[in-house]
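Raw contents of coords00.cif, mmCIF, C-alpha atoms and all ligand atoms:
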data_data
loop_
_atom_site.label_atom_id
_atom_site.label_comp_id
_atom_site.auth_asym_id
_atom_site.auth_seq_id
_atom_site.Cartn_x
_atom_site.Cartn_y
_atom_site.Cartn_z
CA MET A 1 7.97 6.55 -11.87
CA LYS A 2 7.21 4.27 -14.80
CA PHE A 3 4.53 5.18 -17.37
CA PHE A 4 2.20 2.47 -18.66
CA ILE A 5 -0.64 3.13 -21.10
CA ASP A 6 -4.02 1.73 -20.11
CA THR A 7 -5.61 0.69 -23.40
CA ALA A 8 -5.85 -2.14 -25.91
CA ASN A 9 -5.97 0.31 -28.83
CA LEU A 10 -2.92 -0.39 -30.99
CA ASN A 11 -2.81 3.11 -32.55
CA GLN A 12 -2.81 4.78 -29.14
CA ILE A 13 -0.17 2.35 -27.89
CA LYS A 14 1.99 3.22 -30.93
CA GLU A 15 1.45 6.97 -30.40
CA ALA A 16 2.46 6.76 -26.72
CA ASN A 17 5.41 4.52 -27.55
CA GLU A 18 6.67 7.02 -30.13
CA LEU A 19 6.92 9.64 -27.37
CA GLY A 20 9.78 7.54 -26.03
CA ILE A 21 8.57 7.57 -22.44
CA LEU A 22 6.44 4.43 -22.38
CA ASP A 23 7.45 1.61 -20.04
CA GLY A 24 4.55 -0.81 -20.50
CA VAL A 25 0.87 -1.45 -21.18
CA THR A 26 -2.11 -2.56 -19.10
CA THR A 27 -5.31 -3.98 -20.51
CA ASN A 28 -8.45 -5.44 -19.01
CA PRO A 29 -11.46 -7.32 -20.44
CA SER A 30 -13.43 -4.07 -20.81
CA LEU A 31 -10.61 -2.44 -22.80
CA MET A 32 -10.25 -5.53 -25.02
CA ALA A 33 -14.01 -5.64 -25.66
CA LYS A 34 -13.94 -1.91 -26.55
CA GLU A 35 -11.52 -2.76 -29.40
CA GLY A 36 -13.89 -5.47 -30.66
CA ILE A 37 -11.50 -8.33 -29.79
CA LYS A 38 -13.60 -11.50 -29.69
CA GLY A 39 -12.60 -15.14 -29.14
CA TYR A 40 -9.69 -16.71 -27.30
CA ASP A 41 -7.27 -16.82 -30.26
CA ALA A 42 -8.00 -13.20 -31.14
CA ILE A 43 -7.29 -12.18 -27.54
CA LEU A 44 -3.96 -14.01 -27.48
CA ASN A 45 -2.98 -12.57 -30.87
CA HIS A 46 -3.82 -9.07 -29.67
CA TYR A 47 -1.51 -9.47 -26.67
CA LYS A 48 1.25 -10.64 -29.02
CA ALA A 49 0.67 -7.57 -31.24
CA ILE A 50 1.02 -5.28 -28.20
CA CYS A 51 4.23 -7.05 -27.16
CA GLU A 52 5.66 -6.41 -30.63
CA ILE A 53 5.07 -2.64 -30.26
CA VAL A 54 6.26 -2.00 -26.70
CA GLU A 55 9.40 -3.30 -24.99
CA GLY A 56 8.15 -3.38 -21.41
CA ASP A 57 5.75 -5.16 -19.09
CA ILE A 58 2.37 -5.92 -20.69
CA SER A 59 -0.46 -6.87 -18.32
CA ALA A 60 -2.83 -9.54 -19.66
CA GLU A 61 -5.82 -10.31 -17.46
CA VAL A 62 -7.09 -13.81 -16.68
CA LEU A 63 -10.81 -14.37 -17.10
CA ALA A 64 -11.05 -17.33 -14.70
CA THR A 65 -11.94 -16.66 -11.06
CA ASP A 66 -11.09 -20.09 -9.60
CA TYR A 67 -7.56 -21.15 -8.57
CA ASP A 68 -7.06 -23.91 -11.16
CA GLY A 69 -8.52 -21.80 -13.95
CA ILE A 70 -6.37 -18.77 -13.05
CA ILE A 71 -3.21 -20.91 -13.00
CA ALA A 72 -4.07 -22.59 -16.32
CA GLU A 73 -4.86 -19.29 -18.05
CA GLY A 74 -1.89 -17.51 -16.52
CA LYS A 75 0.50 -20.17 -17.82
CA VAL A 76 -0.83 -19.72 -21.37
CA LEU A 77 -0.59 -15.91 -21.14
CA ALA A 78 2.93 -15.98 -19.66
CA ALA A 79 4.09 -18.31 -22.44
CA LEU A 80 3.03 -15.78 -25.11
CA HIS A 81 5.98 -13.43 -24.53
CA HIS A 82 8.63 -12.79 -21.87
CA ASN A 83 7.12 -9.35 -21.16
CA ILE A 84 3.65 -10.63 -20.27
CA VAL A 85 2.54 -9.92 -16.70
CA VAL A 86 -0.43 -12.04 -15.58
CA LYS A 87 -3.14 -9.77 -14.23
CA VAL A 88 -5.11 -11.45 -11.46
CA PRO A 89 -8.16 -10.10 -9.59
CA MET A 90 -7.97 -9.37 -5.86
CA ILE A 91 -9.96 -12.38 -4.67
CA LYS A 92 -9.07 -15.31 -2.40
CA ASP A 93 -8.20 -17.68 -5.27
CA GLY A 94 -6.39 -14.81 -6.96
CA ILE A 95 -4.07 -14.34 -3.98
CA LYS A 96 -3.37 -18.08 -3.87
CA ALA A 97 -2.62 -18.03 -7.60
CA ILE A 98 -0.34 -14.99 -7.28
CA LYS A 99 1.70 -16.88 -4.68
CA TRP A 100 1.98 -19.83 -7.10
CA PHE A 101 3.02 -17.56 -10.00
CA THR A 102 5.58 -15.83 -7.75
CA ASP A 103 7.06 -19.17 -6.69
CA ASN A 104 7.26 -20.20 -10.34
CA GLY A 105 8.90 -17.03 -11.67
CA ILE A 106 5.84 -15.57 -13.42
CA LYS A 107 5.24 -11.83 -13.01
CA THR A 108 1.82 -10.70 -11.73
CA ASN A 109 -0.33 -7.61 -11.42
CA CYS A 110 -2.97 -7.84 -8.70
CA THR A 111 -5.90 -5.82 -10.00
CA LEU A 112 -9.09 -4.31 -8.53
CA VAL A 113 -7.35 -3.11 -5.35
CA PHE A 114 -9.42 -0.64 -3.34
CA SER A 115 -7.98 -0.84 0.19
CA ALA A 116 -4.67 -0.94 2.07
CA GLY A 117 -5.59 -4.36 3.47
CA GLN A 118 -5.90 -5.78 -0.04
CA ALA A 119 -2.56 -4.18 -0.94
CA ILE A 120 -0.84 -5.86 2.03
CA LEU A 121 -2.19 -9.27 0.99
CA ALA A 122 -1.02 -8.81 -2.61
CA ALA A 123 2.44 -7.78 -1.37
CA LYS A 124 2.63 -10.77 1.00
CA ALA A 125 1.77 -13.09 -1.92
CA GLY A 126 4.70 -11.54 -3.82
CA SER A 127 2.78 -9.78 -6.59
CA THR A 128 5.11 -7.85 -8.92
CA TYR A 129 2.58 -5.01 -9.19
CA LEU A 130 -0.67 -4.10 -7.50
CA SER A 131 -3.24 -1.82 -9.04
CA PRO A 132 -5.24 0.53 -6.81
CA PHE A 133 -8.03 2.09 -8.93
CA ILE A 134 -7.84 5.70 -7.84
CA GLY A 135 -10.45 7.14 -10.24
CA ARG A 136 -13.05 4.60 -9.15
CA VAL A 137 -12.23 5.32 -5.48
CA ASP A 138 -12.82 9.03 -6.19
CA ASP A 139 -16.08 8.16 -7.98
CA SER A 140 -17.28 6.31 -4.88
CA GLY A 141 -16.84 9.44 -2.74
CA TRP A 142 -13.48 8.50 -1.14
CA ASP A 143 -10.01 9.85 -1.90
CA GLY A 144 -8.01 7.70 -4.33
CA MET A 145 -4.81 9.62 -3.74
CA LEU A 146 -5.09 9.08 0.01
CA LEU A 147 -5.13 5.34 -0.73
CA ILE A 148 -1.93 5.61 -2.80
CA ARG A 149 -0.20 7.55 0.01
CA GLN A 150 -1.34 5.04 2.64
CA ILE A 151 -0.12 2.05 0.61
CA ALA A 152 3.18 3.83 -0.17
CA ASN A 153 3.75 4.53 3.56
CA ILE A 154 2.99 0.92 4.51
CA PHE A 155 5.26 -0.48 1.79
CA THR A 156 8.13 1.80 2.88
CA ALA A 157 7.64 0.84 6.54
CA GLN A 158 7.50 -2.87 5.74
CA GLY A 159 10.06 -2.96 2.91
CA TYR A 160 7.60 -4.67 0.54
CA LYS A 161 9.00 -5.13 -2.97
CA THR A 162 5.62 -5.04 -4.80
CA GLN A 163 5.35 -1.99 -7.08
CA ILE A 164 2.37 0.32 -6.64
CA LEU A 165 0.79 0.68 -10.09
CA ALA A 166 -1.73 3.50 -9.78
CA ALA A 167 -4.62 2.72 -12.14
CA SER A 168 -7.96 4.23 -13.15
CA ILE A 169 -6.22 7.54 -13.87
CA ARG A 170 -8.63 10.21 -15.10
CA ASN A 171 -6.51 13.34 -15.66
CA ALA A 172 -2.98 14.76 -15.81
CA ASN A 173 -3.18 15.97 -12.22
CA HIS A 174 -3.73 12.38 -11.05
CA ILE A 175 -0.38 11.49 -12.65
CA ILE A 176 1.42 14.40 -10.95
CA GLN A 177 -0.10 13.53 -7.58
CA CYS A 178 0.88 9.87 -7.99
CA ALA A 179 4.49 10.90 -8.60
CA GLU A 180 4.37 13.01 -5.45
CA ALA A 181 2.74 10.23 -3.40
CA GLY A 182 5.40 7.66 -4.30
CA ALA A 183 3.61 5.42 -6.82
CA HIS A 184 6.17 3.31 -8.69
CA VAL A 185 4.06 3.23 -11.87
CA ILE A 186 1.00 4.94 -13.31
CA THR A 187 -1.17 3.38 -15.97
CA SER A 188 -3.20 5.94 -17.84
CA PRO A 189 -5.23 6.41 -21.00
CA LEU A 190 -3.37 8.45 -23.66
CA GLU A 191 -5.25 11.71 -23.00
CA PRO A 192 -4.03 12.37 -19.41
CA ILE A 193 -0.46 11.53 -20.50
CA LEU A 194 -0.69 14.08 -23.34
CA GLY A 195 -2.33 16.45 -20.85
CA LEU A 196 1.01 16.69 -19.04
CA LEU A 197 2.37 18.54 -22.08
CA LYS A 198 -0.12 21.35 -21.82
CA HIS A 199 0.35 24.78 -20.29
CA PRO A 200 -1.14 28.00 -21.73
CA LEU A 201 2.03 29.97 -20.95
CA THR A 202 4.01 27.50 -23.07
CA ASP A 203 1.64 28.13 -25.99
CA ILE A 204 1.77 31.92 -25.53
CA GLY A 205 5.56 31.87 -25.09
CA LEU A 206 6.11 29.73 -28.18
CA ALA A 207 3.80 31.92 -30.29
CA LYS A 208 5.83 34.98 -29.24
CA PHE A 209 9.15 33.26 -29.97
CA MET A 210 7.87 32.25 -33.42
CA GLU A 211 6.67 35.79 -34.06
CA ASP A 212 10.05 37.24 -33.05
CA ALA A 213 11.89 34.53 -35.01
CA GLY A 214 10.19 35.95 -38.10
CA LYS A 215 11.88 39.32 -37.40
CA MET A 216 15.40 37.86 -37.26
C1 LIG B 1 -5.90 -0.83 -14.99
O1 LIG B 1 -5.26 -1.83 -14.86
C2 LIG B 1 -7.37 -0.79 -14.97
O2 LIG B 1 -7.82 -1.77 -15.81
C3 LIG B 1 -7.91 0.54 -15.37
O3 LIG B 1 -7.00 1.56 -15.02
C4 LIG B 1 -9.30 0.83 -14.92
O4 LIG B 1 -9.63 2.13 -15.25
P1 LIG B 1 -11.13 2.69 -15.28
O5 LIG B 1 -11.59 2.86 -13.88
O6 LIG B 1 -11.02 4.01 -15.99
O7 LIG B 1 -11.95 1.68 -16.03
#
What would you get if you wrote out this structure as C-alpha cells?
Amino acid sequence: MKFFIDTANLNQIKEANELGILDGVTTNPSLMAKEGIKGYDAILNHYKAICEIVEGDISAEVLATDYDGIIAEGKVLAALHHNIVVKVPMIKDGIKAIKWFTDNGIKTNCTLVFSAGQAILAAKAGSTYLSPFIGRVDDSGWDGMLLIRQIANIFTAQGYKTQILAASIRNANHIIQCAEAGAHVITSPLEPILGLLKHPLTDIGLAKFMEDAGKM
C-alpha cells in the first residue's frame, strides 16, 4: 500500500518525505487555502515546490466544474511536472473529463467519492486513482471502511485497474484498516502516519534497554 500525505504544508511534506516511506502528496482547495496560497500563479508555484520535494504522484485539484474548464485547467496542471495527477470532482462533467485525460495520457484522481456506484463510474472512465473519503463517511453516520471493502471487492471481481486511494483519514487505525481492506493507497495528514510509530510497550521496552545499557 502506497503512502501519500494529505497536506499543502511544505514543512510537513518534507518531514514525511524524510521518513523515506512517502510515495506522493494530495492537496485540495481547502488545504491550499489553509496555507494562505492565494492567486493562480501562487497556486501553480506551490504545486511546483511540492514536486521538487517528493518524487511521486502529486494530486493537484481543478477548480472548474464544467467540462471545458476542467480540461483547460487540467492541461495546465499536467504541464507543470510529470508527477502531477489532475484531481477531478465526481460529477458528470468530471467523469467526461477523466475519460478525456485517460485517452490523452494524463493521470487523474477522481475525488469526493462516497459510494460504490461513483467508484464504478470513475473506474470505467479510466481514472488512475479514486478517492473515497472515509472520515467524512464516518462523520455522516455510515461506515467508511465498509465502503473501502465494498469497492475493493468490486474492483477485484471486475479487474478494474483504478487504484483505491483512501482519503479523509483521521487516525492511525484508519490506515491499518485500509491496508487490511485492500486499499492501494492511503492519503493521510502527518499525525496519523506518525501515530503508526506509537506503542506504549515500545516506549517502556526502550527505556528499560537504555537503563540496562547504562550498566554495561
Ligand atoms: C484527499 O484527497 C482529500 O482532499 C482529503 O483527504 C479530505 O480530508 P478531510 O475530510 O479530512 O477534509
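Residues within 9 Å of A:Ala152, counting all atoms listed in the file and excluding same-chain residues fewer than 4 positions away, are Leu147, Ile148, Thr156, Ala157, Ile164, Ala181, Gly182 and Ala183 of chain A.
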Per residue of chain A within 9 Å of ligand LIG 1 (chain B), what are the shortest atom pair and its distance in Å to one decimal, counting all atoms listed in the file, with rows by chain and residue number, as JSON lines?
{"residue": "A:Ile5", "atom": "CA", "partner": "B:LIG1", "partner_atom": "O3", "distance": 8.9}
{"residue": "A:Asp6", "atom": "CA", "partner": "B:LIG1", "partner_atom": "O3", "distance": 5.9}
{"residue": "A:Thr7", "atom": "CA", "partner": "B:LIG1", "partner_atom": "O2", "distance": 8.3}
{"residue": "A:Val25", "atom": "CA", "partner": "B:LIG1", "partner_atom": "O1", "distance": 8.8}
{"residue": "A:Thr26", "atom": "CA", "partner": "B:LIG1", "partner_atom": "O1", "distance": 5.3}
{"residue": "A:Thr27", "atom": "CA", "partner": "B:LIG1", "partner_atom": "O2", "distance": 5.8}
{"residue": "A:Asn28", "atom": "CA", "partner": "B:LIG1", "partner_atom": "O2", "distance": 4.9}
{"residue": "A:Pro29", "atom": "CA", "partner": "B:LIG1", "partner_atom": "O2", "distance": 8.1}
{"residue": "A:Ser30", "atom": "CA", "partner": "B:LIG1", "partner_atom": "O7", "distance": 7.6}
{"residue": "A:Leu31", "atom": "CA", "partner": "B:LIG1", "partner_atom": "O2", "distance": 7.6}
{"residue": "A:Ser59", "atom": "CA", "partner": "B:LIG1", "partner_atom": "O1", "distance": 7.8}
{"residue": "A:Glu61", "atom": "CA", "partner": "B:LIG1", "partner_atom": "O1", "distance": 8.9}
{"residue": "A:Lys87", "atom": "CA", "partner": "B:LIG1", "partner_atom": "O1", "distance": 8.2}
{"residue": "A:Asn109", "atom": "CA", "partner": "B:LIG1", "partner_atom": "O1", "distance": 8.3}
{"residue": "A:Cys110", "atom": "CA", "partner": "B:LIG1", "partner_atom": "O1", "distance": 8.9}
{"residue": "A:Thr111", "atom": "CA", "partner": "B:LIG1", "partner_atom": "O1", "distance": 6.3}
{"residue": "A:Leu112", "atom": "CA", "partner": "B:LIG1", "partner_atom": "C2", "distance": 7.5}
{"residue": "A:Leu130", "atom": "CA", "partner": "B:LIG1", "partner_atom": "O1", "distance": 9.0}
{"residue": "A:Ser131", "atom": "CA", "partner": "B:LIG1", "partner_atom": "O1", "distance": 6.2}
{"residue": "A:Pro132", "atom": "CA", "partner": "B:LIG1", "partner_atom": "C1", "distance": 8.3}
{"residue": "A:Phe133", "atom": "CA", "partner": "B:LIG1", "partner_atom": "O5", "distance": 6.1}
{"residue": "A:Ile134", "atom": "CA", "partner": "B:LIG1", "partner_atom": "O5", "distance": 7.7}
{"residue": "A:Gly135", "atom": "CA", "partner": "B:LIG1", "partner_atom": "O5", "distance": 5.7}
{"residue": "A:Arg136", "atom": "CA", "partner": "B:LIG1", "partner_atom": "O5", "distance": 5.2}
{"residue": "A:Val137", "atom": "CA", "partner": "B:LIG1", "partner_atom": "O5", "distance": 8.8}
{"residue": "A:Leu165", "atom": "CA", "partner": "B:LIG1", "partner_atom": "O1", "distance": 8.1}
{"residue": "A:Ala166", "atom": "CA", "partner": "B:LIG1", "partner_atom": "O3", "distance": 7.7}
{"residue": "A:Ala167", "atom": "CA", "partner": "B:LIG1", "partner_atom": "O3", "distance": 3.9}
{"residue": "A:Ser168", "atom": "CA", "partner": "B:LIG1", "partner_atom": "O3", "distance": 3.4}
{"residue": "A:Ile169", "atom": "CA", "partner": "B:LIG1", "partner_atom": "O3", "distance": 6.1}
{"residue": "A:Arg170", "atom": "CA", "partner": "B:LIG1", "partner_atom": "O6", "distance": 6.7}
{"residue": "A:Ile186", "atom": "CA", "partner": "B:LIG1", "partner_atom": "O3", "distance": 8.9}
{"residue": "A:Thr187", "atom": "CA", "partner": "B:LIG1", "partner_atom": "O3", "distance": 6.2}
{"residue": "A:Ser188", "atom": "CA", "partner": "B:LIG1", "partner_atom": "O3", "distance": 6.4}
{"residue": "A:Pro189", "atom": "CA", "partner": "B:LIG1", "partner_atom": "O3", "distance": 7.9}
(message) Around the point (0.7, -19.2, -10.5) (coordinates from the file), which residues reach within 8 Å if we count only C-alpha atoms? Answer as a PyMOL selection string.
(response) chain A and resi 70-71+74-75+96-104+106
Next, write the just-selected residues to a file, as a PDB file, in the frame of the given file, keeping C-alpha atoms as the atom set.
ATOM      1  CA  ILE A  70      -6.370 -18.770 -13.050  1.00  0.00           C
ATOM      2  CA  ILE A  71      -3.210 -20.910 -13.000  1.00  0.00           C
ATOM      3  CA  GLY A  74      -1.890 -17.510 -16.520  1.00  0.00           C
ATOM      4  CA  LYS A  75       0.500 -20.170 -17.820  1.00  0.00           C
ATOM      5  CA  LYS A  96      -3.370 -18.080  -3.870  1.00  0.00           C
ATOM      6  CA  ALA A  97      -2.620 -18.030  -7.600  1.00  0.00           C
ATOM      7  CA  ILE A  98      -0.340 -14.990  -7.280  1.00  0.00           C
ATOM      8  CA  LYS A  99       1.700 -16.880  -4.680  1.00  0.00           C
ATOM      9  CA  TRP A 100       1.980 -19.830  -7.100  1.00  0.00           C
ATOM     10  CA  PHE A 101       3.020 -17.560 -10.000  1.00  0.00           C
ATOM     11  CA  THR A 102       5.580 -15.830  -7.750  1.00  0.00           C
ATOM     12  CA  ASP A 103       7.060 -19.170  -6.690  1.00  0.00           C
ATOM     13  CA  ASN A 104       7.260 -20.200 -10.340  1.00  0.00           C
ATOM     14  CA  ILE A 106       5.840 -15.570 -13.420  1.00  0.00           C
TER      15      ILE A 106
END
(request) Considering only C-alpha atoms, return as number ranges by chain whatever protein or nucleic-acid residues lie within 12 Å of stretch 48-50 of chain A, sequence-local ones (same chain, fewer than 6 positions apart) excluded. (result) A: 5-14, 17, 24-27, 32, 41-42, 56-60, 77-84
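The gap separating atom CA of A:Ile53 from atom CA of A:Ile21 is 13.3 Å, in Å to one decimal.
Atom CA of A:Lys38 lies 27.5 Å from atom CA of A:Phe3.
Between atom CA of A:His184 and atom CA of A:Met1 there is a distance of 4.9 Å.
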